$ cat model.txt   # compact mmCIF, C-alpha atoms
# COMPACT_ATOMS: atom_id res chain seq x y z
CA MET A 1 -39.98 69.27 -13.21
CA ALA A 2 -38.39 72.66 -13.82
CA GLY A 3 -36.80 73.37 -17.20
CA LYS A 4 -35.01 71.22 -19.70
CA PRO A 5 -32.15 68.89 -18.81
CA MET A 6 -28.78 70.65 -19.10
CA LEU A 7 -25.88 68.57 -20.37
CA HIS A 8 -22.33 69.53 -19.34
CA TYR A 9 -19.60 68.10 -21.60
CA PHE A 10 -17.23 69.11 -24.31
CA ASN A 11 -18.42 69.52 -27.90
CA GLY A 12 -17.99 65.95 -28.99
CA ARG A 13 -19.57 62.51 -28.69
CA GLY A 14 -17.41 60.96 -25.99
CA ARG A 15 -19.33 59.64 -23.02
CA MET A 16 -22.27 62.01 -23.45
CA GLU A 17 -23.50 60.92 -26.86
CA SER A 18 -25.55 57.96 -25.65
CA THR A 19 -27.43 60.38 -23.36
CA ARG A 20 -28.07 62.73 -26.29
CA TRP A 21 -29.44 59.80 -28.33
CA LEU A 22 -31.67 58.59 -25.49
CA LEU A 23 -33.14 62.01 -24.71
CA ALA A 24 -33.66 62.73 -28.40
CA ALA A 25 -35.32 59.38 -29.04
CA ALA A 26 -37.59 59.97 -26.05
CA GLY A 27 -38.58 63.32 -27.57
CA VAL A 28 -37.09 65.29 -24.69
CA GLU A 29 -35.64 68.70 -25.48
CA PHE A 30 -32.34 69.41 -23.77
CA GLU A 31 -29.72 72.13 -23.53
CA GLU A 32 -25.96 71.87 -23.56
CA LYS A 33 -23.24 73.86 -21.84
CA LEU A 34 -20.06 73.06 -23.70
CA ILE A 35 -16.73 72.85 -21.90
CA GLU A 36 -14.16 74.44 -24.17
CA SER A 37 -11.06 74.80 -22.02
CA PRO A 38 -9.42 73.35 -18.90
CA GLU A 39 -10.65 76.47 -17.09
CA ASP A 40 -14.27 75.64 -17.91
CA LEU A 41 -13.86 72.21 -16.33
CA LYS A 42 -12.02 73.68 -13.34
CA LYS A 43 -14.91 76.08 -12.76
CA LEU A 44 -17.39 73.22 -12.62
CA VAL A 45 -15.14 71.30 -10.26
CA ASN A 46 -14.75 74.29 -7.94
CA GLU A 47 -18.52 74.83 -7.94
CA GLY A 48 -18.83 71.45 -6.26
CA SER A 49 -21.11 70.41 -9.09
CA LEU A 50 -19.25 67.23 -9.99
CA MET A 51 -19.34 64.47 -7.37
CA PHE A 52 -16.16 62.86 -8.70
CA GLN A 53 -14.81 65.97 -10.48
CA GLN A 54 -15.73 64.43 -13.80
CA VAL A 55 -18.15 64.94 -16.64
CA PRO A 56 -20.58 63.90 -18.11
CA MET A 57 -22.87 65.77 -15.75
CA VAL A 58 -26.57 66.32 -16.37
CA GLU A 59 -28.74 68.76 -14.46
CA ILE A 60 -32.18 67.18 -14.39
CA ASP A 61 -35.14 67.41 -12.02
CA GLY A 62 -33.16 69.32 -9.41
CA MET A 63 -30.24 66.87 -9.43
CA LYS A 64 -26.69 67.20 -10.74
CA LEU A 65 -26.16 63.65 -11.93
CA VAL A 66 -22.76 62.31 -12.87
CA GLN A 67 -21.74 58.84 -14.07
CA THR A 68 -23.06 57.86 -17.46
CA ARG A 69 -25.01 54.83 -16.28
CA ALA A 70 -26.71 56.75 -13.48
CA ILE A 71 -27.78 59.38 -16.02
CA LEU A 72 -28.99 56.84 -18.59
CA ASN A 73 -30.82 54.69 -16.01
CA TYR A 74 -32.68 57.74 -14.71
CA ILE A 75 -33.73 58.96 -18.14
CA ALA A 76 -34.73 55.50 -19.34
CA THR A 77 -36.88 54.93 -16.25
CA LYS A 78 -38.46 58.37 -16.38
CA TYR A 79 -39.47 58.01 -20.02
CA ASN A 80 -40.57 54.37 -19.86
CA LEU A 81 -37.77 52.99 -21.96
CA TYR A 82 -36.57 50.45 -19.39
CA GLY A 83 -39.05 47.58 -19.72
CA LYS A 84 -42.21 46.83 -17.80
CA ASP A 85 -40.83 44.72 -14.94
CA ILE A 86 -37.73 43.36 -13.24
CA LYS A 87 -37.18 40.57 -15.75
CA GLU A 88 -37.47 42.82 -18.80
CA ARG A 89 -35.05 45.18 -17.09
CA ALA A 90 -32.62 42.29 -16.63
CA LEU A 91 -32.69 41.48 -20.33
CA ILE A 92 -32.33 45.15 -21.23
CA ASP A 93 -29.38 45.52 -18.84
CA MET A 94 -27.68 42.43 -20.25
CA TYR A 95 -28.05 43.72 -23.82
CA VAL A 96 -27.12 47.30 -22.99
CA GLU A 97 -23.96 46.23 -21.16
CA GLY A 98 -22.89 44.19 -24.19
CA VAL A 99 -23.42 47.27 -26.33
CA ALA A 100 -21.39 49.28 -23.82
CA ASP A 101 -18.47 46.82 -23.95
CA LEU A 102 -18.15 47.14 -27.73
CA GLY A 103 -18.92 50.86 -27.54
CA GLU A 104 -16.09 51.35 -25.07
CA MET A 105 -13.58 49.77 -27.47
CA ILE A 106 -14.75 52.09 -30.22
CA LEU A 107 -14.73 55.13 -27.92
CA LEU A 108 -11.13 54.54 -26.87
CA LEU A 109 -9.78 53.78 -30.35
CA PRO A 110 -8.73 57.41 -31.10
CA VAL A 111 -6.56 57.51 -27.97
CA ALA A 112 -4.86 54.18 -28.49
CA PRO A 113 -1.04 54.38 -28.82
CA PRO A 114 -0.23 54.66 -32.55
CA GLY A 115 1.50 51.25 -32.66
CA GLU A 116 -1.61 49.58 -31.26
CA LYS A 117 -4.33 51.20 -33.37
CA ASP A 118 -4.42 48.68 -36.18
CA ALA A 119 -4.62 45.74 -33.80
CA LYS A 120 -7.38 47.38 -31.77
CA LEU A 121 -9.39 48.15 -34.89
CA ALA A 122 -9.03 44.56 -36.05
CA LEU A 123 -10.20 43.35 -32.64
CA ILE A 124 -13.26 45.62 -32.81
CA LYS A 125 -14.19 44.23 -36.20
CA GLU A 126 -13.65 40.66 -35.02
CA LYS A 127 -15.74 41.11 -31.88
CA THR A 128 -18.48 42.87 -33.82
CA THR A 129 -18.66 40.07 -36.38
CA ASN A 130 -18.22 37.06 -34.10
CA ARG A 131 -19.63 38.13 -30.75
CA TYR A 132 -21.86 41.17 -30.56
CA PHE A 133 -23.77 41.32 -33.84
CA PRO A 134 -24.55 37.57 -33.77
CA ALA A 135 -25.78 37.83 -30.17
CA PHE A 136 -28.27 40.59 -30.97
CA GLU A 137 -29.32 39.07 -34.31
CA LYS A 138 -30.09 35.90 -32.38
CA VAL A 139 -32.30 37.76 -29.91
CA LEU A 140 -34.33 39.32 -32.70
CA LYS A 141 -34.58 36.00 -34.50
CA SER A 142 -35.68 34.16 -31.36
CA HIS A 143 -38.93 36.11 -30.97
CA GLY A 144 -39.36 37.63 -34.41
CA GLN A 145 -40.59 40.89 -32.89
CA ASP A 146 -39.80 44.43 -33.96
CA TYR A 147 -37.85 45.33 -30.82
CA LEU A 148 -35.33 43.58 -28.60
CA VAL A 149 -37.42 43.34 -25.43
CA GLY A 150 -41.12 43.12 -24.71
CA ASN A 151 -42.28 43.90 -28.23
CA LYS A 152 -41.83 47.58 -27.47
CA LEU A 153 -39.17 50.21 -28.05
CA SER A 154 -36.73 50.40 -25.16
CA ARG A 155 -33.33 51.87 -24.47
CA ALA A 156 -31.82 48.58 -25.64
CA ASP A 157 -32.94 49.32 -29.22
CA ILE A 158 -31.75 52.92 -29.06
CA HIS A 159 -28.29 52.12 -27.68
CA LEU A 160 -27.84 49.24 -30.14
CA VAL A 161 -28.86 51.29 -33.16
CA GLU A 162 -26.51 54.08 -32.09
CA LEU A 163 -23.74 51.47 -31.90
CA ILE A 164 -24.61 50.14 -35.36
CA TYR A 165 -24.09 53.63 -36.78
CA TYR A 166 -20.60 53.76 -35.21
CA VAL A 167 -19.71 50.31 -36.51
CA GLU A 168 -20.79 51.36 -39.98
CA GLU A 169 -18.54 54.41 -39.77
CA LEU A 170 -15.61 52.07 -39.11
CA ASP A 171 -16.58 49.48 -41.73
CA PRO A 172 -19.96 49.44 -43.51
CA SER A 173 -19.52 45.82 -44.57
CA LEU A 174 -19.73 44.46 -41.00
CA ILE A 175 -23.53 44.52 -40.89
CA ALA A 176 -23.90 42.73 -44.22
CA ASN A 177 -24.89 39.35 -42.84
CA PHE A 178 -27.26 40.60 -40.15
CA PRO A 179 -30.64 41.27 -41.78
CA LEU A 180 -32.59 41.66 -38.54
CA LEU A 181 -30.10 44.22 -37.22
CA LYS A 182 -30.39 46.11 -40.50
CA ALA A 183 -34.17 46.06 -40.16
CA LEU A 184 -33.97 47.27 -36.52
CA LYS A 185 -31.69 50.09 -37.57
CA ALA A 186 -34.12 51.14 -40.32
CA ARG A 187 -37.12 50.84 -38.04
CA VAL A 188 -35.65 52.86 -35.17
CA SER A 189 -34.15 55.44 -37.55
CA SER A 190 -37.58 56.10 -39.04
CA LEU A 191 -39.25 56.92 -35.70
CA PRO A 192 -40.05 60.65 -35.90
CA THR A 193 -37.88 61.63 -32.91
CA VAL A 194 -34.89 59.62 -34.09
CA LYS A 195 -35.34 60.70 -37.71
CA LYS A 196 -35.19 64.31 -36.56
CA PHE A 197 -32.06 63.66 -34.49
CA LEU A 198 -30.36 62.04 -37.48
CA GLN A 199 -30.85 65.12 -39.63
CA PRO A 200 -28.23 67.87 -39.99
CA GLY A 201 -28.64 70.68 -37.48
CA SER A 202 -29.61 68.42 -34.58
CA GLN A 203 -27.59 68.08 -31.36
CA ARG A 204 -26.05 64.83 -32.61
CA LYS A 205 -22.27 65.15 -32.63
CA PRO A 206 -20.05 64.17 -35.60
CA PRO A 207 -17.14 61.73 -35.52
CA LEU A 208 -14.08 62.97 -33.65
CA ASP A 209 -11.79 65.08 -35.80
CA GLN A 210 -8.19 65.88 -34.96
CA LYS A 211 -9.04 69.38 -33.67
CA THR A 212 -11.74 68.14 -31.27
CA LEU A 213 -9.48 65.31 -30.11
CA GLU A 214 -6.74 67.79 -29.23
CA GLN A 215 -9.23 70.01 -27.42
CA GLY A 216 -10.52 66.98 -25.52
CA ARG A 217 -6.98 66.02 -24.56
CA LYS A 218 -6.30 69.53 -23.17
CA ILE A 219 -9.49 69.63 -21.15
CA PHE A 220 -9.29 66.11 -19.76
CA LYS A 221 -5.50 66.14 -19.41
CA MET B 1 -38.55 30.89 -7.91
CA ALA B 2 -36.89 27.47 -8.22
CA GLY B 3 -33.67 26.75 -6.33
CA LYS B 4 -30.76 28.85 -5.29
CA PRO B 5 -28.88 31.15 -7.64
CA MET B 6 -25.96 29.36 -9.31
CA LEU B 7 -22.83 31.40 -9.92
CA HIS B 8 -20.51 30.42 -12.77
CA TYR B 9 -16.98 31.80 -12.49
CA PHE B 10 -13.49 30.79 -11.57
CA ASN B 11 -12.49 30.34 -7.94
CA GLY B 12 -11.46 33.91 -7.27
CA ARG B 13 -12.88 37.37 -6.64
CA GLY B 14 -12.62 38.92 -10.08
CA ARG B 15 -15.87 40.29 -11.45
CA MET B 16 -18.08 37.93 -9.43
CA GLU B 17 -17.15 39.02 -5.92
CA SER B 18 -19.50 42.01 -5.77
CA THR B 19 -22.36 39.61 -6.59
CA ARG B 20 -21.26 37.26 -3.80
CA TRP B 21 -21.21 40.20 -1.36
CA LEU B 22 -24.64 41.44 -2.44
CA LEU B 23 -26.33 38.02 -2.24
CA ALA B 24 -24.67 37.31 1.09
CA ALA B 25 -25.64 40.68 2.54
CA ALA B 26 -29.22 40.10 1.37
CA GLY B 27 -29.19 36.76 3.20
CA VAL B 28 -29.62 34.79 -0.02
CA GLU B 29 -27.99 31.36 -0.17
CA PHE B 30 -26.25 30.62 -3.45
CA GLU B 31 -24.25 27.86 -5.12
CA GLU B 32 -21.12 28.09 -7.24
CA LYS B 33 -19.80 26.10 -10.19
CA PHE B 34 -16.10 26.88 -10.61
CA LEU B 35 -14.36 27.07 -13.95
CA GLU B 36 -11.00 25.40 -13.45
CA SER B 37 -9.66 25.07 -16.99
CA PRO B 38 -10.06 26.56 -20.47
CA GLU B 39 -12.13 23.47 -21.29
CA ASP B 40 -14.65 24.31 -18.56
CA LEU B 41 -15.18 27.75 -20.11
CA LYS B 42 -15.36 26.25 -23.59
CA LYS B 43 -18.05 23.85 -22.42
CA LEU B 44 -20.18 26.73 -21.16
CA VAL B 45 -19.59 28.68 -24.36
CA ASN B 46 -20.70 25.73 -26.46
CA GLU B 47 -23.81 25.19 -24.34
CA GLU B 48 -26.51 26.88 -26.37
CA GLY B 49 -27.89 29.94 -24.65
CA SER B 50 -25.67 29.87 -21.57
CA LEU B 51 -23.31 32.77 -22.21
CA MET B 52 -24.78 35.52 -24.35
CA PHE B 53 -21.38 37.07 -25.07
CA GLN B 54 -19.28 33.95 -24.37
CA GLN B 55 -18.16 35.49 -21.09
CA VAL B 56 -18.54 34.98 -17.38
CA PRO B 57 -19.71 36.04 -14.79
CA MET B 58 -22.95 34.20 -15.42
CA VAL B 59 -25.65 33.68 -12.82
CA GLU B 60 -28.55 31.28 -13.17
CA ILE B 61 -31.41 32.87 -11.27
CA ASP B 62 -35.19 32.67 -11.55
CA GLY B 63 -35.06 30.77 -14.84
CA MET B 64 -32.61 33.18 -16.47
CA LYS B 65 -28.96 32.83 -17.40
CA LEU B 66 -27.80 36.37 -16.75
CA VAL B 67 -24.46 37.68 -17.88
CA GLN B 68 -22.90 41.14 -17.49
CA THR B 69 -22.07 42.10 -13.94
CA ARG B 70 -24.32 45.16 -13.82
CA ALA B 71 -27.31 43.24 -15.16
CA ILE B 72 -26.80 40.62 -12.46
CA LEU B 73 -26.32 43.15 -9.66
CA ASN B 74 -29.26 45.33 -10.76
CA TYR B 75 -31.57 42.30 -10.77
CA ILE B 76 -30.49 41.08 -7.34
CA ALA B 77 -30.61 44.56 -5.81
CA THR B 78 -34.12 45.16 -7.13
CA LYS B 79 -35.40 41.73 -6.13
CA TYR B 80 -34.14 42.10 -2.55
CA ASN B 81 -35.13 45.74 -2.08
CA LEU B 82 -31.60 47.10 -1.94
CA TYR B 83 -32.05 49.64 -4.74
CA GLY B 84 -33.87 52.52 -3.08
CA LYS B 85 -37.55 53.31 -2.86
CA ASP B 86 -38.01 55.41 -6.01
CA ILE B 87 -36.39 56.73 -9.16
CA LYS B 88 -34.50 59.53 -7.42
CA GLU B 89 -33.03 57.28 -4.73
CA ARG B 90 -32.03 54.90 -7.50
CA ALA B 91 -30.25 57.77 -9.29
CA LEU B 92 -28.21 58.57 -6.19
CA ILE B 93 -27.42 54.89 -5.64
CA ASP B 94 -26.34 54.52 -9.27
CA MET B 95 -24.15 57.60 -9.08
CA TYR B 96 -22.45 56.34 -5.94
CA ILE B 97 -21.97 52.74 -7.07
CA GLU B 98 -20.56 53.78 -10.43
CA GLY B 99 -17.95 55.80 -8.55
CA VAL B 100 -17.21 52.69 -6.45
CA ALA B 101 -16.98 50.68 -9.67
CA ASP B 102 -14.48 53.10 -11.23
CA LEU B 103 -12.09 52.76 -8.29
CA GLY B 104 -12.88 49.06 -8.00
CA GLU B 105 -11.93 48.53 -11.64
CA MET B 106 -8.50 50.08 -11.08
CA ILE B 107 -7.92 47.76 -8.12
CA LEU B 108 -9.25 44.73 -10.03
CA LEU B 109 -6.87 45.27 -12.93
CA LEU B 110 -3.77 46.01 -10.83
CA PRO B 111 -2.55 42.38 -10.80
CA VAL B 112 -2.51 42.27 -14.61
CA ALA B 113 -0.79 45.60 -15.16
CA PRO B 114 2.54 45.35 -17.06
CA PRO B 115 5.34 45.05 -14.45
CA GLY B 116 6.85 48.44 -15.31
CA GLU B 117 3.49 50.15 -14.73
CA LYS B 118 2.43 48.54 -11.44
CA ASP B 119 3.98 51.06 -9.08
CA ALA B 120 2.51 54.01 -10.95
CA LYS B 121 -0.93 52.41 -11.05
CA LEU B 122 -0.84 51.64 -7.33
CA ALA B 123 0.16 55.23 -6.61
CA LEU B 124 -2.72 56.44 -8.76
CA ILE B 125 -5.17 54.20 -6.88
CA LYS B 126 -4.00 55.61 -3.55
CA GLU B 127 -4.18 59.18 -4.85
CA LYS B 128 -7.69 58.77 -6.26
CA THR B 129 -8.88 57.03 -3.10
CA THR B 130 -7.56 59.81 -0.89
CA ASN B 131 -8.45 62.83 -3.05
CA ARG B 132 -11.52 61.79 -5.01
CA TYR B 133 -13.48 58.76 -3.88
CA PHE B 134 -13.21 58.61 -0.09
CA PRO B 135 -13.87 62.36 0.27
CA ALA B 136 -16.91 62.13 -2.00
CA PHE B 137 -18.53 59.39 0.08
CA GLU B 138 -17.51 60.92 3.42
CA LYS B 139 -19.21 64.11 2.24
CA VAL B 140 -22.45 62.27 1.46
CA LEU B 141 -22.57 60.73 4.94
CA LYS B 142 -21.71 64.05 6.55
CA SER B 143 -24.38 65.90 4.58
CA HIS B 144 -27.31 63.99 6.09
CA GLY B 145 -25.72 62.45 9.18
CA GLN B 146 -27.62 59.21 8.65
CA ASP B 147 -26.41 55.67 9.08
CA TYR B 148 -26.58 54.76 5.41
CA LEU B 149 -25.73 56.48 2.14
CA VAL B 150 -29.25 56.75 0.70
CA GLY B 151 -32.71 57.01 2.19
CA ASN B 152 -31.68 56.23 5.76
CA LYS B 153 -31.80 52.55 4.91
CA LEU B 154 -29.30 49.89 3.90
CA SER B 155 -28.92 49.69 0.11
CA ARG B 156 -26.51 48.17 -2.35
CA ALA B 157 -24.58 51.44 -2.25
CA ASP B 158 -23.48 50.71 1.33
CA ILE B 159 -22.63 47.10 0.53
CA HIS B 160 -20.55 47.89 -2.57
CA LEU B 161 -18.76 50.75 -0.81
CA VAL B 162 -17.90 48.70 2.27
CA GLU B 163 -16.60 45.89 0.06
CA LEU B 164 -14.39 48.47 -1.67
CA ILE B 165 -13.14 49.79 1.67
CA TYR B 166 -11.94 46.29 2.57
CA TYR B 167 -9.96 46.15 -0.71
CA VAL B 168 -8.45 49.57 -0.15
CA GLU B 169 -7.39 48.52 3.34
CA GLU B 170 -5.69 45.45 1.88
CA LEU B 171 -3.62 47.77 -0.33
CA ASP B 172 -2.91 50.36 2.38
CA PRO B 173 -4.68 50.43 5.75
CA SER B 174 -3.69 54.03 6.36
CA LEU B 175 -5.86 55.41 3.55
CA ILE B 176 -9.06 55.39 5.59
CA ALA B 177 -7.47 57.17 8.55
CA ASN B 178 -9.04 60.57 7.95
CA PHE B 179 -12.53 59.35 7.07
CA PRO B 180 -14.39 58.72 10.34
CA LEU B 181 -17.82 58.35 8.77
CA LEU B 182 -16.55 55.77 6.29
CA LYS B 183 -14.97 53.87 9.16
CA ALA B 184 -18.27 53.96 11.00
CA LEU B 185 -20.17 52.76 7.91
CA LYS B 186 -17.74 49.91 7.49
CA ALA B 187 -18.20 48.88 11.13
CA ARG B 188 -21.96 49.22 10.96
CA VAL B 189 -22.39 47.18 7.77
CA SER B 190 -19.84 44.59 8.89
CA SER B 191 -21.82 43.97 12.06
CA LEU B 192 -25.08 43.19 10.25
CA SER B 193 -25.70 39.50 10.90
CA THR B 194 -25.60 38.45 7.23
CA VAL B 195 -22.44 40.42 6.48
CA LYS B 196 -20.77 39.32 9.72
CA LYS B 197 -21.33 35.72 8.72
CA PHE B 198 -19.93 36.36 5.22
CA LEU B 199 -16.81 37.94 6.72
CA GLN B 200 -16.03 34.87 8.79
CA PRO B 201 -13.69 32.09 7.60
CA GLY B 202 -15.50 29.31 5.79
CA SER B 203 -17.90 31.58 3.92
CA GLN B 204 -18.05 31.91 0.15
CA ARG B 205 -16.03 35.13 0.28
CA LYS B 206 -12.89 34.76 -1.82
CA PRO B 207 -9.38 35.71 -0.63
CA PRO B 208 -7.02 38.13 -2.39
CA LEU B 209 -5.58 36.86 -5.66
CA ASP B 210 -2.49 34.75 -5.18
CA GLN B 211 0.01 33.93 -7.91
CA LYS B 212 -1.42 30.43 -8.48
CA THR B 213 -5.00 31.67 -8.93
CA LEU B 214 -3.82 34.49 -11.18
CA GLU B 215 -2.03 32.01 -13.44
CA GLN B 216 -5.10 29.80 -13.54
CA ALA B 217 -7.31 32.73 -14.46
CA LYS B 218 -4.88 33.81 -17.18
CA LYS B 219 -5.10 30.34 -18.71
CA ILE B 220 -8.88 30.20 -18.58
CA PHE B 221 -9.45 33.72 -19.86
CA LYS B 222 -6.53 33.68 -22.30

$ encode --input "model.txt" --output "structure tokens"
Amino acid sequence: MAGKPMLHYFNGRGRMESTRWLLAAAGVEFEEKLIESPEDLKKLVNEGSLMFQQVPMVEIDGMKLVQTRAILNYIATKYNLYGKDIKERALIDMYVEGVADLGEMILLLPVAPPGEKDAKLALIKEKTTNRYFPAFEKVLKSHGQDYLVGNKLSRADIHLVELIYYVEELDPSLIANFPLLKALKARVSSLPTVKKFLQPGSQRKPPLDQKTLEQGRKIFK
Amino acid sequence: MAGKPMLHYFNGRGRMESTRWLLAAAGVEFEEKFLESPEDLKKLVNEEGSLMFQQVPMVEIDGMKLVQTRAILNYIATKYNLYGKDIKERALIDMYIEGVADLGEMILLLPVAPPGEKDAKLALIKEKTTNRYFPAFEKVLKSHGQDYLVGNKLSRADIHLVELIYYVEELDPSLIANFPLLKALKARVSSLSTVKKFLQPGSQRKPPLDQKTLEQAKKIFK
């Protein structure tokens, strides 16, 4: 296992942030090569480093992995954050894909056509309140354990807590009626690796600002 | 392991077809309960614990009610040894099938594109197929010269890719012309006894979306 994982992406959350969270929570140090211009991306493409000419790409254990789920599945398995057997993995996958569905809506909000933004934000809030948060609160209530699956920290907890932070950035009131989600967020946030990642100066990326959005648009034109 | 898997969806390909392909290729018999009206979906939604996010696909299997296509496919692939032999083979399989899923998603959503956008979206699908996805998979097969994408053994990667090739051919049969290894993979996988059976009339394979089924789906999934 030579060297630290190397993450190739632009300097923003985008589709790489869940990988940063997962590695950080697992206590794995990683490096980042930031794409800052269309030429940087072109260089990677011409190197033959990107199977589908797209990032995210992570160099890890001699592989150049693309596709967010391939990257996350590998890391979660390697660091024992993917459950203990096939059935736990099924639950984790079900939960993680629900998180990804809501996460995708939030991710794409900044690039929604201006006339559609308000409606999309309202839909996000509605889905959060009526579909996703209740579903996960119900899981935690059903077994009363500290973590979503198998009474043990898994990627499901990490991805969900990351999502809760994004929802709170949009509207802090949305989590009000979900005490078990609040408790999960506090519990996961206080784990030493996560606590460190949440502090200023870590590799965690801030919300998209106009400048980074424009840069992203140029690169991924 | 009580009974056959039960698939809950409407009577069309949609997001359930890749599961039908995978089960069929694995030689696993399954049953289907079709949603035919908004009331059918509502009934499932109101059934406590049936649909975690009030959505289908849902598959009852081994005592679980699994939703989310990838959760369902991952479980089936693992259970029937179609997911590689170790973590690194799984990484390659995941990388390949996510590429298949990206192109597959464009094709899936084509029928519901706004009328003014359909031509452009179809052109984009053809362009991506020809310049991005087919070359990427042809290159994998060329690199090792083996019969299957990963580990010299049939995996879900081959099944999902061959399914996709059939859909691409429905859109434009000429697109596969310059990809001999993909053509060979398609022929090879199609001739496996389980897949051959699934490809024959009378199987549970669903036909392309027609206008009637599209309207039905729009009503159910309003």

$ residues_around --input "model.txt" --residues "Ser18 (chain A)" --least-positions-apart "3" --cutoff "9 Å" --atoms "only C-alpha atoms" --output "ChimeraX atom specification"
/A:13-15,21-23,68,72,158-159,162

$ closest_atom_pairs --input "model.txt" --of "chain B" --to "chain A" --cutoff "9 Å" --atoms "only C-alpha atoms" --output "tab-separated table"
residue	atom	partner	partner_atom	distance
B:Met52	CA	A:Ala135	CA	6.3
B:Phe53	CA	A:Arg131	CA	6.0
B:Gln54	CA	A:Arg131	CA	7.6
B:Met64	CA	A:Lys87	CA	8.7
B:Leu66	CA	A:Met94	CA	7.0
B:Val67	CA	A:Met94	CA	6.2
B:Gln68	CA	A:Met94	CA	5.7
B:Thr69	CA	A:Met94	CA	8.4
B:Arg70	CA	A:Asp93	CA	7.1
B:Ala71	CA	A:Asp93	CA	4.8
B:Ile72	CA	A:Ala90	CA	7.4
B:Asn74	CA	A:Ala90	CA	7.4
B:Tyr75	CA	A:Ala90	CA	6.0
B:Thr78	CA	A:Ile86	CA	7.3
B:Lys79	CA	A:Ile86	CA	7.7
B:Ile87	CA	A:Tyr74	CA	6.8
B:Lys88	CA	A:Tyr74	CA	7.7
B:Arg90	CA	A:Tyr74	CA	7.8
B:Ala91	CA	A:Ala70	CA	5.6
B:Leu92	CA	A:Ala70	CA	7.7
B:Ile93	CA	A:Ala70	CA	8.1
B:Asp94	CA	A:Ala70	CA	4.8
B:Met95	CA	A:Ala70	CA	5.2
B:Tyr96	CA	A:Gln67	CA	8.5
B:Ile97	CA	A:Ala70	CA	8.9
B:Glu98	CA	A:Gln67	CA	6.3
B:Gly99	CA	A:Phe52	CA	7.3
B:Arg132	CA	A:Phe52	CA	6.0
B:Tyr133	CA	A:Phe52	CA	6.9
B:Ala136	CA	A:Met51	CA	6.3

$ residues_around --input "model.txt" --residues "region 184-193 of chain B" --least-positions-apart "6" --cutoff "8 Å" --atoms "all atoms listed in the file" --output "list of chain:residue names"
B:Asp147, B:Tyr148, B:Asp158, B:Ile159, B:Val162, B:Ile165, B:Leu199

$ atom_distance --input "model.txt" --atom1 "CA of Ser155 (chain B)" --atom2 "CA of Asp157 (chain A)"
29.6 Å

$ atom_distance --input "model.txt" --atom1 "CA of Glu168 (chain A)" --atom2 "CA of Ser154 (chain A)"
21.8 Å

$ decode --input "model.txt" --residues "region 115-127 of chain B" --atoms "N, CA and C atoms" --output "CSV table (one decimal), in the first residue's frame"
chain,number,residue,atom,x,y,z
B,115,PRO,N,-40.3,17.9,-25.3
B,115,PRO,CA,-40.2,17.6,-26.7
B,115,PRO,C,-39.1,18.4,-27.5
B,116,GLY,N,-38.9,19.6,-27.1
B,116,GLY,CA,-37.9,20.5,-27.8
B,116,GLY,C,-36.5,20.0,-27.6
B,117,GLU,N,-36.3,19.2,-26.5
B,117,GLU,CA,-34.9,18.8,-26.2
B,117,GLU,C,-34.6,17.4,-26.6
B,118,LYS,N,-35.6,16.6,-27.1
B,118,LYS,CA,-35.4,15.2,-27.4
B,118,LYS,C,-34.3,14.9,-28.4
B,119,ASP,N,-34.3,15.7,-29.5
B,119,ASP,CA,-33.3,15.5,-30.6
B,119,ASP,C,-31.9,15.7,-30.0
B,120,ALA,N,-31.7,16.8,-29.3
B,120,ALA,CA,-30.4,17.1,-28.8
B,120,ALA,C,-29.9,16.0,-27.8
B,121,LYS,N,-30.9,15.5,-27.0
B,121,LYS,CA,-30.5,14.5,-26.0
B,121,LYS,C,-30.1,13.2,-26.7
B,122,LEU,N,-30.8,12.9,-27.7
B,122,LEU,CA,-30.5,11.6,-28.5
B,122,LEU,C,-29.1,11.8,-29.1
B,123,ALA,N,-28.9,13.0,-29.7
B,123,ALA,CA,-27.6,13.2,-30.3
B,123,ALA,C,-26.5,13.1,-29.3
B,124,LEU,N,-26.7,13.6,-28.1
B,124,LEU,CA,-25.7,13.5,-27.0
B,124,LEU,C,-25.5,12.0,-26.6
B,125,ILE,N,-26.5,11.3,-26.5
B,125,ILE,CA,-26.4,9.8,-26.2
B,125,ILE,C,-25.5,9.1,-27.2
B,126,LYS,N,-25.8,9.4,-28.5
B,126,LYS,CA,-25.0,8.7,-29.6
B,126,LYS,C,-23.5,9.2,-29.5
B,127,GLU,N,-23.3,10.5,-29.2
B,127,GLU,CA,-22.0,11.0,-29.2
B,127,GLU,C,-21.2,10.4,-28.0
